[in-house]
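Visitor: Enclosed is the structure file entry.csv (CSV, C-alpha atoms).
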chain,number,residue,atom,x,y,z
C,414,MET,CA,-32.3,-5.2,-34.1
C,415,SER,CA,-34.7,-3.2,-31.9
C,416,THR,CA,-33.6,0.2,-30.8
C,417,LEU,CA,-33.8,-0.7,-27.1
C,418,VAL,CA,-31.7,-3.8,-27.4
C,419,ARG,CA,-29.2,-2.0,-29.8
C,420,VAL,CA,-28.7,0.8,-27.3
C,421,ALA,CA,-28.3,-1.7,-24.4
C,422,GLY,CA,-25.5,-3.5,-26.4
C,423,VAL,CA,-23.7,-0.2,-27.2
C,424,CYS,CA,-23.8,1.0,-23.6
C,425,ALA,CA,-22.7,-2.4,-22.3
C,426,LEU,CA,-19.7,-2.5,-24.7
C,427,ALA,CA,-18.8,1.1,-23.7
C,428,SER,CA,-18.9,0.3,-20.0
C,429,LEU,CA,-16.5,-2.6,-20.5
C,430,ALA,CA,-14.1,-0.7,-22.7
C,431,THR,CA,-12.1,0.3,-19.6
C,432,VAL,CA,-11.9,-3.2,-18.2
C,433,ALA,CA,-9.1,-5.2,-19.7
C,434,THR,CA,-9.0,-9.0,-20.1
C,435,ALA,CA,-8.7,-10.6,-16.7
C,436,ALA,CA,-6.1,-13.1,-18.0
C,437,THR,CA,-3.6,-10.3,-18.9
C,438,ALA,CA,-4.3,-7.6,-16.2
C,439,LEU,CA,-2.1,-7.3,-13.1
C,440,PRO,CA,-3.7,-7.4,-9.7
C,441,VAL,CA,-4.5,-4.0,-8.1
C,442,PRO,CA,-1.8,-3.2,-5.4
C,443,ILE,CA,-2.9,-3.4,-1.8
C,444,ASN,CA,-0.5,-1.2,0.1
C,445,SER,CA,-2.5,1.5,1.8
C,446,ASN,CA,-5.5,1.8,4.1
C,447,ASP,CA,-7.9,2.8,1.4
C,448,SER,CA,-6.8,0.0,-1.0
C,449,ALA,CA,-7.1,-2.5,1.9
C,450,ALA,CA,-10.6,-1.3,2.6
C,451,ARG,CA,-11.4,-1.7,-1.1
C,452,ALA,CA,-10.0,-5.2,-1.0
C,453,VAL,CA,-12.3,-6.2,1.9
C,454,TRP,CA,-15.3,-4.5,0.2
C,455,ARG,CA,-14.7,-6.4,-3.0
C,456,THR,CA,-14.3,-9.6,-1.1
C,457,LEU,CA,-17.7,-9.2,0.6
C,458,ASP,CA,-19.4,-7.9,-2.6
C,459,SER,CA,-17.8,-10.4,-4.9
C,460,LEU,CA,-19.7,-13.2,-3.1
C,461,GLY,CA,-22.7,-12.1,-5.0
C,462,ASP,CA,-21.1,-10.9,-8.3
C,463,ALA,CA,-21.0,-14.3,-9.9
C,464,ASN,CA,-24.7,-14.9,-9.1
C,465,ARG,CA,-25.9,-11.6,-10.5
C,466,PRO,CA,-26.5,-12.9,-14.1
C,467,VAL,CA,-28.5,-15.8,-12.6
C,468,GLN,CA,-30.7,-13.5,-10.4
C,469,ASN,CA,-31.2,-10.8,-13.1
C,470,LEU,CA,-31.4,-12.8,-16.3
C,471,VAL,CA,-31.7,-16.6,-15.9
C,472,ASP,CA,-34.1,-17.1,-13.1
C,473,PRO,CA,-36.7,-14.5,-14.3
C,474,MET,CA,-36.9,-16.3,-17.7
C,475,LYS,CA,-37.0,-19.7,-16.0
C,476,ARG,CA,-40.0,-18.6,-14.0
C,477,LEU,CA,-41.7,-17.4,-17.2
C,478,SER,CA,-40.9,-20.8,-18.8
C,479,GLU,CA,-42.4,-22.6,-15.8
C,480,PHE,CA,-45.5,-20.4,-16.1
C,481,ALA,CA,-46.1,-21.2,-19.7
C,482,LEU,CA,-45.4,-24.9,-19.2
C,483,GLY,CA,-47.9,-25.0,-16.4
C,484,LEU,CA,-50.6,-23.4,-18.6
C,485,LEU,CA,-49.9,-26.0,-21.3
C,486,ASN,CA,-49.9,-28.9,-18.8
C,487,THR,CA,-53.3,-27.9,-17.6
C,488,ALA,CA,-54.9,-27.3,-21.0
C,489,ALA,CA,-53.4,-30.0,-23.2
C,490,THR,CA,-51.0,-32.9,-23.6
C,491,PRO,CA,-47.7,-33.1,-25.6
C,492,GLU,CA,-49.4,-35.5,-28.0
C,493,ALA,CA,-52.3,-33.1,-28.6
C,494,LEU,CA,-49.8,-30.2,-29.3
C,495,LEU,CA,-47.8,-32.3,-31.7
C,496,ASN,CA,-51.0,-33.1,-33.6
C,497,ALA,CA,-52.0,-29.5,-33.8
C,498,ARG,CA,-50.4,-28.3,-37.0
C,499,ARG,CA,-51.2,-24.7,-36.3
C,500,GLY,CA,-50.4,-25.0,-32.7
C,501,LEU,CA,-52.7,-24.4,-29.7
C,502,THR,CA,-53.8,-21.1,-28.3
C,503,ILE,CA,-54.4,-21.0,-24.5
C,504,SER,CA,-55.9,-18.2,-22.4
C,505,CYS,CA,-53.8,-16.7,-19.7
C,506,PRO,CA,-55.2,-16.4,-16.2
C,507,GLY,CA,-55.3,-12.6,-16.2
C,508,SER,CA,-55.8,-11.8,-19.8
C,509,GLY,CA,-54.2,-12.4,-23.2
C,510,THR,CA,-53.0,-15.7,-24.6
C,511,ILE,CA,-50.1,-17.9,-25.5
C,512,THR,CA,-49.9,-19.9,-28.7
C,513,ALA,CA,-47.6,-22.9,-28.5
C,514,LYS,CA,-46.2,-25.2,-31.2
C,515,MET,CA,-44.1,-28.3,-30.8
C,516,ALA,CA,-41.5,-29.3,-33.4
C,517,ARG,CA,-42.5,-32.4,-35.3
C,518,ASN,CA,-39.0,-33.6,-36.1
C,519,GLY,CA,-38.3,-35.2,-32.7
C,520,ASN,CA,-36.1,-32.3,-31.5
C,521,HIS,CA,-38.5,-31.6,-28.6
C,522,VAL,CA,-38.4,-27.8,-29.4
C,523,LEU,CA,-41.4,-25.9,-28.0
C,524,LYS,CA,-42.1,-22.4,-29.5
C,525,ILE,CA,-44.4,-20.1,-27.6
C,526,GLN,CA,-45.8,-16.8,-28.9
C,527,TRP,CA,-47.0,-14.5,-26.0
C,528,ASN,CA,-49.8,-12.1,-26.7
C,529,ALA,CA,-50.3,-9.6,-23.9
C,530,CYS,CA,-50.4,-12.6,-21.5
C,531,ARG,CA,-50.9,-11.7,-17.9
C,532,ARG,CA,-50.9,-13.8,-14.7
C,533,ALA,CA,-53.9,-13.6,-12.4
C,534,ASP,CA,-54.1,-10.4,-10.4
C,535,SER,CA,-51.0,-9.0,-12.2
C,536,THR,CA,-50.6,-5.8,-14.1
C,537,ILE,CA,-47.6,-7.2,-16.1
C,538,ALA,CA,-48.2,-8.2,-19.7
C,539,TYR,CA,-45.8,-10.3,-21.8
C,540,THR,CA,-45.6,-10.1,-25.6
C,541,GLY,CA,-43.1,-11.8,-27.9
C,542,ALA,CA,-41.5,-15.1,-28.9
C,543,SER,CA,-39.8,-17.6,-26.7
C,544,GLU,CA,-38.4,-21.0,-27.4
C,545,LEU,CA,-37.6,-24.0,-25.1
C,546,LYS,CA,-35.7,-27.2,-25.9
C,547,LEU,CA,-37.1,-29.9,-23.7
C,548,PRO,CA,-35.5,-33.2,-22.7
C,549,SER,CA,-38.5,-35.0,-24.2
C,550,ASP,CA,-42.0,-34.3,-25.2
C,551,THR,CA,-43.2,-33.3,-21.8
C,552,PHE,CA,-44.6,-30.2,-20.1
C,553,THR,CA,-43.1,-31.1,-16.7
C,554,PRO,CA,-39.3,-31.2,-17.5
C,555,THR,CA,-36.8,-31.4,-14.7
C,556,SER,CA,-34.4,-29.5,-16.9
C,557,LEU,CA,-34.1,-27.6,-20.2
C,558,ALA,CA,-31.4,-27.7,-22.8
C,559,ARG,CA,-32.1,-24.3,-24.2
C,560,MET,CA,-34.1,-21.3,-23.3
C,561,GLN,CA,-34.6,-18.2,-25.4
C,562,PHE,CA,-36.7,-15.1,-24.9
C,563,GLY,CA,-36.6,-12.5,-27.7
C,564,SER,CA,-33.9,-12.2,-30.3
C,565,PRO,CA,-31.5,-9.6,-31.7
C,566,GLY,CA,-34.1,-8.8,-34.3
C,567,GLN,CA,-37.2,-8.7,-32.0
C,568,ALA,CA,-37.1,-8.3,-28.2
C,569,PHE,CA,-39.5,-10.0,-25.8
C,570,ILE,CA,-41.5,-7.3,-24.2
C,571,GLU,CA,-42.6,-7.1,-20.6
C,572,SER,CA,-44.9,-4.1,-19.8
C,573,SER,CA,-46.9,-2.7,-16.9
C,574,ILE,CA,-48.6,0.5,-15.8
C,575,GLN,CA,-48.8,1.5,-12.1
C,576,PRO,CA,-51.5,4.2,-11.7
C,577,ALA,CA,-51.0,7.1,-9.3
C,578,GLU,CA,-52.4,6.3,-5.9
C,579,PHE,CA,-52.6,10.0,-4.8
C,580,GLU,CA,-52.8,13.2,-6.8
C,581,THR,CA,-49.2,14.0,-6.2
C,582,ASP,CA,-47.9,10.5,-7.2
C,583,PRO,CA,-46.7,9.7,-10.7
C,584,THR,CA,-48.2,7.2,-13.1
C,585,ILE,CA,-45.3,4.8,-13.8
C,586,GLU,CA,-45.1,2.9,-17.1
C,587,THR,CA,-42.4,0.2,-17.2
C,588,LEU,CA,-41.3,-1.4,-20.4
C,589,THR,CA,-38.6,-4.1,-20.4
C,590,ALA,CA,-37.1,-5.5,-23.6
C,591,TRP,CA,-35.5,-8.9,-23.1
C,592,ASP,CA,-33.1,-10.7,-25.4
C,593,VAL,CA,-31.7,-13.7,-23.5
C,594,GLN,CA,-30.4,-17.0,-24.6
C,595,VAL,CA,-29.2,-19.8,-22.3
C,596,VAL,CA,-27.9,-23.1,-23.7
C,597,GLY,CA,-26.8,-26.2,-21.7
C,598,VAL,CA,-28.4,-27.8,-18.6
C,599,LEU,CA,-30.9,-25.7,-16.8
C,600,SER,CA,-32.5,-27.2,-13.8
C,601,MET,CA,-36.3,-26.7,-13.5
C,602,THR,CA,-36.8,-28.5,-10.2
C,603,ARG,CA,-38.2,-26.4,-7.4
C,604,PHE,CA,-37.2,-26.8,-3.7
C,605,GLN,CA,-39.8,-29.1,-2.1
C,606,ASN,CA,-41.9,-28.5,-5.3
C,607,LEU,CA,-42.9,-25.1,-3.9
C,608,PRO,CA,-44.1,-22.8,-6.7
C,609,TYR,CA,-42.0,-19.9,-5.5
C,610,GLY,CA,-39.1,-21.7,-4.0
C,611,MET,CA,-35.6,-21.7,-5.5
C,612,PHE,CA,-34.5,-23.9,-8.3
C,613,THR,CA,-32.4,-26.8,-7.2
C,614,GLY,CA,-30.2,-29.4,-8.9
C,615,GLU,CA,-27.1,-29.3,-11.0
C,616,PHE,CA,-26.6,-26.8,-13.9
C,617,ASP,CA,-24.1,-26.1,-16.6
C,618,TYR,CA,-24.9,-23.5,-19.3
C,619,ARG,CA,-23.8,-20.6,-21.4
C,620,LEU,CA,-25.6,-17.3,-21.1
C,621,ASN,CA,-25.7,-14.4,-23.5
C,622,GLY,CA,-28.1,-11.4,-23.6
C,623,GLY,CA,-29.7,-8.9,-21.3
C,624,TYR,CA,-32.5,-6.4,-21.1
C,625,THR,CA,-33.3,-2.7,-21.4
C,626,GLN,CA,-35.8,-1.4,-18.8
C,627,THR,CA,-37.4,2.0,-19.3
C,628,GLN,CA,-39.6,3.6,-16.6
C,629,SER,CA,-41.6,6.7,-17.5
C,630,TYR,CA,-43.0,8.9,-14.8
C,631,THR,CA,-45.8,11.3,-15.6
C,632,TYR,CA,-47.7,13.6,-13.1
C,633,THR,CA,-51.1,15.2,-13.2
C,634,ASP,CA,-49.6,18.1,-11.1
C,635,PRO,CA,-48.1,20.6,-13.6
C,636,ASN,CA,-45.5,21.5,-11.1
C,637,TYR,CA,-43.8,18.2,-11.7
C,638,ALA,CA,-42.2,17.5,-15.0
C,639,PRO,CA,-42.3,14.0,-16.5
C,640,PHE,CA,-39.1,12.1,-16.7
C,641,THR,CA,-37.7,8.7,-17.7
C,642,GLN,CA,-35.0,6.3,-16.4
C,643,THR,CA,-33.5,3.5,-18.4
C,644,ASN,CA,-31.4,0.6,-17.1
C,645,TYR,CA,-29.3,-1.4,-19.5
C,646,VAL,CA,-28.1,-4.9,-18.3
C,647,ASN,CA,-25.9,-7.2,-20.4
C,648,ALA,CA,-24.2,-10.5,-19.9
C,649,THR,CA,-21.7,-11.7,-22.6
C,650,ASP,CA,-20.3,-15.2,-22.9
C,651,PHE,CA,-21.0,-16.3,-19.3
C,652,ARG,CA,-20.3,-20.0,-18.6
C,653,LEU,CA,-21.9,-20.9,-15.3
C,654,VAL,CA,-21.6,-24.3,-13.6
C,655,GLY,CA,-22.7,-25.4,-10.2
C,656,SER,CA,-25.5,-26.9,-8.1
C,657,VAL,CA,-28.1,-26.2,-5.4
C,658,SER,CA,-29.1,-28.8,-2.9
C,659,HIS,CA,-30.4,-29.4,0.6
C,660,THR,CA,-29.4,-31.7,3.4
C,661,ASN,CA,-30.4,-32.4,7.1
C,662,GLU,CA,-34.1,-32.8,6.3
C,663,ASP,CA,-33.9,-29.8,3.9
C,664,ARG,CA,-32.7,-27.4,6.7
C,665,VAL,CA,-29.2,-26.8,5.3
C,666,LEU,CA,-28.8,-25.2,1.9
C,667,HIS,CA,-25.7,-25.8,-0.2
C,668,GLU,CA,-24.9,-23.7,-3.2
C,669,VAL,CA,-21.9,-23.8,-5.5
C,670,LEU,CA,-21.5,-21.5,-8.5
C,671,GLU,CA,-18.5,-21.3,-10.8
C,672,ALA,CA,-18.3,-18.5,-13.4
C,673,ARG,CA,-15.6,-19.9,-15.6
C,674,ARG,CA,-15.8,-16.8,-17.7
C,675,GLY,CA,-18.1,-13.9,-18.5
C,676,ASN,CA,-18.5,-10.2,-18.9
C,677,TRP,CA,-21.2,-8.2,-17.1
C,678,SER,CA,-22.4,-4.6,-17.3
C,679,SER,CA,-25.1,-2.5,-15.8
C,680,VAL,CA,-25.7,1.1,-17.1
C,681,VAL,CA,-28.3,3.6,-16.1
C,682,GLU,CA,-29.4,6.9,-17.6
C,683,SER,CA,-32.3,9.3,-17.2
C,684,THR,CA,-33.8,12.5,-18.4
C,685,TYR,CA,-31.5,14.3,-15.9
C,686,GLN,CA,-28.4,12.1,-16.1
C,687,ALA,CA,-26.1,10.9,-18.9
C,688,PRO,CA,-25.3,7.1,-19.0
C,689,VAL,CA,-23.5,5.9,-15.9
C,690,THR,CA,-21.9,2.5,-15.3
C,691,ILE,CA,-23.3,1.0,-12.1
C,692,SER,CA,-21.2,-2.1,-12.3
C,693,ALA,CA,-19.0,-3.8,-14.9
C,694,PHE,CA,-16.8,-6.7,-14.4
C,695,VAL,CA,-15.0,-9.6,-16.1
C,696,VAL,CA,-14.8,-13.0,-14.3
C,697,SER,CA,-12.4,-15.8,-14.9
C,698,ASN,CA,-12.5,-19.2,-13.0
C,699,PHE,CA,-14.4,-17.4,-10.3
C,700,GLU,CA,-16.1,-19.7,-7.8
C,701,THR,CA,-18.2,-19.1,-4.7
C,702,SER,CA,-19.9,-21.5,-2.3
C,703,HIS,CA,-22.6,-20.8,0.2
C,704,VAL,CA,-23.9,-23.0,3.1
C,705,PHE,CA,-27.0,-21.7,4.9
C,706,ASP,CA,-27.9,-23.6,8.0
C,707,ALA,CA,-31.4,-22.6,8.9
C,708,GLN,CA,-31.5,-24.9,11.9
C,709,ASN,CA,-28.6,-23.1,13.6
C,710,GLY,CA,-28.9,-19.7,11.9
C,711,VAL,CA,-25.4,-19.8,10.6
C,712,ALA,CA,-24.1,-19.1,7.0
C,713,SER,CA,-20.7,-19.4,5.5
C,714,ARG,CA,-19.2,-18.5,2.1
C,715,THR,CA,-16.0,-19.0,0.1
C,716,VAL,CA,-14.8,-16.9,-2.8
C,717,ASP,CA,-12.0,-18.0,-5.2
C,718,GLY,CA,-10.8,-16.9,-8.6
C,719,LYS,CA,-10.5,-13.6,-10.5
C,720,ILE,CA,-12.7,-10.7,-11.1
C,721,GLU,CA,-11.7,-7.5,-12.9
C,722,TYR,CA,-13.9,-4.8,-11.7
C,723,GLU,CA,-14.9,-1.3,-12.8
C,724,TRP,CA,-16.2,0.8,-9.9
C,725,PRO,CA,-19.1,3.3,-10.6
C,726,PRO,CA,-18.0,6.9,-11.0
C,727,TYR,CA,-19.3,7.8,-7.6
C,728,GLY,CA,-17.2,5.0,-6.1
C,729,PRO,CA,-13.4,4.6,-5.7
C,730,ALA,CA,-12.5,4.5,-9.4
C,731,CYS,CA,-8.8,4.5,-8.4
C,732,GLY,CA,-9.4,0.8,-7.4
C,733,ASN,CA,-10.4,-0.3,-10.9
C,734,GLY,CA,-8.7,-3.4,-12.0
C,735,LEU,CA,-8.1,-7.1,-11.2
C,736,TYR,CA,-8.8,-8.7,-7.9
C,737,THR,CA,-7.9,-12.3,-7.1
C,738,PHE,CA,-9.2,-14.4,-4.2
C,739,ARG,CA,-8.2,-17.5,-2.4
C,740,THR,CA,-10.3,-18.6,0.7
C,741,ILE,CA,-8.3,-20.2,3.5
C,742,VAL,CA,-11.1,-20.2,6.1
C,743,PRO,CA,-14.8,-19.7,5.0
C,744,ILE,CA,-16.3,-16.3,6.0
C,745,ARG,CA,-19.0,-17.1,8.5
C,746,GLN,CA,-22.0,-15.1,9.6
C,747,TYR,CA,-22.7,-16.4,13.1
C,748,ASP,CA,-26.4,-15.3,13.5
C,749,VAL,CA,-27.8,-14.8,10.0
C,750,PHE,CA,-31.4,-14.1,11.3
C,751,HIS,CA,-30.5,-11.3,13.6
C,752,ILE,CA,-26.8,-10.1,13.2
C,753,ASP,CA,-24.7,-8.9,10.2
C,754,GLY,CA,-21.5,-9.8,12.0
C,755,ARG,CA,-18.9,-12.3,10.9
C,756,ASP,CA,-16.9,-14.3,13.5
C,757,GLN,CA,-14.4,-16.1,11.3
C,758,GLY,CA,-12.8,-16.0,7.8
C,759,LYS,CA,-9.5,-15.7,6.1
C,760,VAL,CA,-9.0,-14.8,2.4
C,761,ILE,CA,-5.9,-14.0,0.5
C,762,VAL,CA,-6.5,-11.1,-1.9
C,763,ASN,CA,-4.3,-10.3,-4.8
C,764,ARG,CA,-1.8,-13.0,-3.7
C,765,GLY,CA,-0.2,-10.8,-1.1
C,766,ALA,CA,-2.8,-9.3,1.2
C,767,VAL,CA,-4.3,-11.5,4.0
C,768,VAL,CA,-7.8,-10.5,5.1
C,769,THR,CA,-9.2,-12.0,8.4
C,770,PHE,CA,-12.6,-11.7,10.0
C,771,ALA,CA,-13.3,-12.2,13.7
C,772,LYS,CA,-15.6,-11.0,16.5
C,773,GLY,CA,-14.4,-7.7,17.9
C,774,VAL,CA,-15.0,-5.1,20.5
C,775,ALA,CA,-16.0,-1.7,19.3
C,776,PRO,CA,-17.0,1.7,20.8
C,777,ALA,CA,-20.6,2.4,21.6
C,778,PRO,CA,-22.9,1.6,18.6
C,779,PRO,CA,-24.4,4.5,16.6
C,780,ASP,CA,-27.5,6.2,18.1
C,781,TRP,CA,-29.8,4.6,15.5
C,782,TYR,CA,-28.8,1.0,16.2
C,783,THR,CA,-29.4,-1.2,19.3
C,784,PRO,CA,-27.3,-4.3,19.2
C,785,GLN,CA,-28.8,-7.7,19.9
C,786,PRO,CA,-28.0,-9.5,23.1
C,787,ASN,CA,-24.5,-10.9,22.9
C,788,GLU,CA,-23.9,-9.2,19.6
C,789,GLN,CA,-20.3,-8.3,18.8
C,790,PRO,CA,-19.2,-6.3,15.8
C,791,THR,CA,-16.9,-7.7,13.1
C,792,ALA,CA,-13.2,-7.1,13.5
C,793,ILE,CA,-11.4,-7.0,10.1
C,794,LYS,CA,-7.6,-7.1,9.7
C,795,VAL,CA,-5.7,-6.8,6.5
C,796,LYS,CA,-2.0,-7.6,6.5
C,797,MET,CA,-0.9,-5.7,3.4
C,798,GLU,CA,1.7,-6.6,0.8
C,799,ASN,CA,4.1,-4.0,2.4
C,800,GLY,CA,3.7,-5.6,5.8
C,801,THR,CA,1.6,-2.8,7.3
C,802,LEU,CA,-1.8,-3.5,9.0
C,803,PHE,CA,-5.2,-2.1,8.3
C,804,GLN,CA,-7.9,-2.7,10.9
C,805,HIS,CA,-11.7,-1.9,10.8
C,806,THR,CA,-14.3,-2.8,13.4
C,807,SER,CA,-18.0,-2.4,12.6
C,808,PHE,CA,-21.5,-3.8,13.1
C,809,PHE,CA,-22.1,-3.3,9.4
C,810,PRO,CA,-18.7,-3.7,7.6
C,811,ALA,CA,-20.1,-3.8,4.1
C,812,SER,CA,-21.4,-0.3,4.6
C,813,THR,CA,-18.9,1.4,6.9
C,814,LEU,CA,-15.9,0.2,4.8
C,815,GLN,CA,-17.1,2.4,2.0
C,816,THR,CA,-16.0,5.6,3.8
C,817,GLU,CA,-12.4,4.3,4.3
C,818,ALA,CA,-12.3,2.9,0.7
C,819,GLN,CA,-12.6,6.2,-1.1
C,820,CYS,CA,-9.7,7.4,-3.2
C,821,PRO,CA,-7.2,9.8,-1.7
C,822,ASP,CA,-7.8,13.4,-2.5
C,823,SER,CA,-5.7,14.1,-5.6
C,824,ASN,CA,-5.4,17.7,-4.5
Please, can you express the file's structure as structure tokens?
Guide:
Amino acid sequence: MSTLVRVAGVCALASLATVATAATALPVPINSNDSAARAVWRTLDSLGDANRPVQNLVDPMKRLSEFALGLLNTAATPEALLNARRGLTISCPGSGTITAKMARNGNHVLKIQWNACRRADSTIAYTGASELKLPSDTFTPTSLARMQFGSPGQAFIESSIQPAEFETDPTIETLTAWDVQVVGVLSMTRFQNLPYGMFTGEFDYRLNGGYTQTQSYTYTDPNYAPFTQTNYVNATDFRLVGSVSHTNEDRVLHEVLEARRGNWSSVVESTYQAPVTISAFVVSNFETSHVFDAQNGVASRTVDGKIEYEWPPYGPACGNGLYTFRTIVPIRQYDVFHIDGRDQGKVIVNRGAVVTFAKGVAPAPPDWYTPQPNEQPTAIKVKMENGTLFQHTSFFPASTLQTEAQCPDSN
């Protein structure tokens, strides 16, 4: 196993050591203003938690798979590749090559060796092995049955160098070591066939793996010392099921994502900082749905299920533990293009606390913000387990809640 991937795995396991199994942990009590603020904060943030493995691990590798398949589709046919016993080597648009081989046993397995391959006008180079299981011998699949980049023994390397623009700027060298495997049904269909649009369709897969990304900063100015920062991201035994579709002449987006299980961790360290857990959580039967109406500028979300969360050390660690959600009324953002406010929503958190969202009336906005015409802030109420009421009104609740969510002073 490569050093980078081994360290990532160790850090990931360490960060999850304090998070118990979601099936056995008890929900965090919500019986004070700070715990109520944390419950709302987690409700709003958890809408994206289940999607984090998709955005960080699955979609980047799908885009690389799409890139390689596009090169093959332009340069050859599946039949020609099957007849090429040593495979075919194809030049990449920027520089470097890929060498592809197709299994001859009818399993539709495509193996690709990347050799410092770069896209056109890109400084990022890819080196290493990947493997795709296709539904048939085709370079334009609508879905994949397996996708693997790197392995426990040899990571798939993504590297780039960003030169200093000015004398005082650093030269930044980035190296990302991937070890990602996804098995199941992975949709490869793009929205309206746009090359950079989102992937649509149904999916059902298991995800394991992660990456280690190290960024090295060096200066020509001797007054600035070089330093490095490393991010370790790991997903273990994630089972993700859902769909992405569009209606109303493609103007309304519908997303459903269920994380039936899975462990996630993100750890960062640098020359000046020991490893710190940025986020770590365990999900169980956790489902979120999202409807984005571009025609009317309205978006709504639901969140249901369990997530056991470990806050970062600079956050409210007293709130570590299990959070459960049951959406009664979807949380709606009433002007998604201009306003952060929510005008409706009702979610039961940890079985006893009732969180509601509505338009509110607040004092004058902060000096740095000018509200939009007819904009009203979000009024949040939490009826806690002990019957007391927590209230918070803000133009940006996801940010302002953080102050009230801090742990009480132990002194």
Visitor: Using only C-alpha atoms, which residues sit within 9 Å of range 563-574 of chain C once same-chain residues fewer than 4 positions away are excluded, as a PyMOL selection string?
Guide: chain C and resi 414-415+417-419+527+529+535-544+584-594+622+624
Visitor: Could the residues in this selection be saved with C-alpha atoms as a short mmCIF file (atom, residue, chain, number, x, y, z; two decimals), in the coordinates of the input?
Guide:
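This went into out_11.cif:
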data_model
loop_
_atom_site.label_atom_id
_atom_site.label_comp_id
_atom_site.auth_asym_id
_atom_site.auth_seq_id
_atom_site.Cartn_x
_atom_site.Cartn_y
_atom_site.Cartn_z
CA MET C 414 -32.30 -5.20 -34.10
CA SER C 415 -34.70 -3.20 -31.90
CA LEU C 417 -33.80 -0.70 -27.10
CA VAL C 418 -31.70 -3.80 -27.40
CA ARG C 419 -29.20 -2.00 -29.80
CA TRP C 527 -47.00 -14.50 -26.00
CA ALA C 529 -50.30 -9.60 -23.90
CA SER C 535 -51.00 -9.00 -12.20
CA THR C 536 -50.60 -5.80 -14.10
CA ILE C 537 -47.60 -7.20 -16.10
CA ALA C 538 -48.20 -8.20 -19.70
CA TYR C 539 -45.80 -10.30 -21.80
CA THR C 540 -45.60 -10.10 -25.60
CA GLY C 541 -43.10 -11.80 -27.90
CA ALA C 542 -41.50 -15.10 -28.90
CA SER C 543 -39.80 -17.60 -26.70
CA GLU C 544 -38.40 -21.00 -27.40
CA THR C 584 -48.20 7.20 -13.10
CA ILE C 585 -45.30 4.80 -13.80
CA GLU C 586 -45.10 2.90 -17.10
CA THR C 587 -42.40 0.20 -17.20
CA LEU C 588 -41.30 -1.40 -20.40
CA THR C 589 -38.60 -4.10 -20.40
CA ALA C 590 -37.10 -5.50 -23.60
CA TRP C 591 -35.50 -8.90 -23.10
CA ASP C 592 -33.10 -10.70 -25.40
CA VAL C 593 -31.70 -13.70 -23.50
CA GLN C 594 -30.40 -17.00 -24.60
CA GLY C 622 -28.10 -11.40 -23.60
CA TYR C 624 -32.50 -6.40 -21.10
#
Visitor: Between C:Arg451, C:Ala438, C:Val795, C:Val742, single out the one closest to Ala811 in chain C, counting only C-alpha atoms.
Guide: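 When distances to Ala811 in chain C are compared using only C-alpha atoms, the smallest one comes from C:Arg451.
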Visitor: Nearest to Gly519 in chain C among C:Gly507, C:Phe480, C:Thr806, C:Ser549, with distances taken over all atoms listed in the file: which residue is it?
Guide: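 Nearest to Gly519 in chain C: C:Ser549.
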Visitor: Taking 4 positions as the minimum chain separation for residues in the same chain, which residues sit within 12 Å of Tyr727 in chain C when counting all atoms listed in the file? Answer as a ChimeraX atom specification.
Guide: /C:689-692,723,731,815,818-820
Visitor: Next, the residues of the selection above should be written as a short mmCIF file (atom, residue, chain, number, x, y, z; two decimals), keeping the file's coordinate frame with C-alpha atoms.
Guide:
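This went into selection_13.cif:
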data_model
loop_
_atom_site.label_atom_id
_atom_site.label_comp_id
_atom_site.auth_asym_id
_atom_site.auth_seq_id
_atom_site.Cartn_x
_atom_site.Cartn_y
_atom_site.Cartn_z
CA VAL C 689 -23.50 5.90 -15.90
CA THR C 690 -21.90 2.50 -15.30
CA ILE C 691 -23.30 1.00 -12.10
CA SER C 692 -21.20 -2.10 -12.30
CA GLU C 723 -14.90 -1.30 -12.80
CA CYS C 731 -8.80 4.50 -8.40
CA GLN C 815 -17.10 2.40 2.00
CA ALA C 818 -12.30 2.90 0.70
CA GLN C 819 -12.60 6.20 -1.10
CA CYS C 820 -9.70 7.40 -3.20
#
Visitor: Taking into account all atoms listed in the file, which residue in the set C:Arg455, C:His521, C:Lys759, C:Arg532 is nearest to Gly483 in chain C?
Guide: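 Checking each of C:Arg455, C:His521, C:Lys759, C:Arg532 against Gly483 in chain C, counting all atoms listed in the file, the winner is C:Arg532.
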Visitor: In Å, with one decimal, what is the gap from CA of Asn464 in chain C to CA of Pro729 in chain C?
Guide: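 Value for the CA of Asn464 in chain C-CA of Pro729 in chain C distance: 22.8 Å.
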Visitor: Using only C-alpha atoms, which of the listed residues (C:Glu817, C:Asp663, C:Glu492, C:Glu700) sits closest to Thr715 in chain C?
Guide: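 The answer is C:Glu700, which sits nearest to Thr715 in chain C.
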Visitor: Between CA of Gly655 in chain C and CA of Asp458 in chain C, what is the distance in Å, rounded to a tenth?
Guide: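 We find that CA of Gly655 in chain C and CA of Asp458 in chain C lie 19.4 Å from each other.
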Visitor: Please measure the separation of CA of Asn661 in chain C and CA of His703 in chain C, giving the value in Å to one decimal.
Guide: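 We find that CA of Asn661 in chain C and CA of His703 in chain C lie 15.6 Å from each other.
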Visitor: Please return, as a PyMOL selection string, all polymer residues that have at least one atom within 12 Å of the point (-11.8, -18.6, -9.3); use all atoms listed in the file and the file's own coordinate frame.
Guide: chain C and resi 435-436+459-460+463+653+669-674+695-702+715-721+736-740+762
Visitor: Taking 5 positions as the minimum chain separation for residues in the same chain, which residues sit within 12 Å of Thr641 in chain C when counting all atoms listed in the file? Answer as number ranges by chain.
Guide: C: 583-588, 626-631, 681-687
Visitor: Pull the neighbourhood of (-23.4, -9.9, 14.6) for me: all residues within 10 Å in file coordinates, counting only C-alpha atoms, as a ChimeraX atom specification.
Guide: /C:746-756,772-773,784-791,807-809
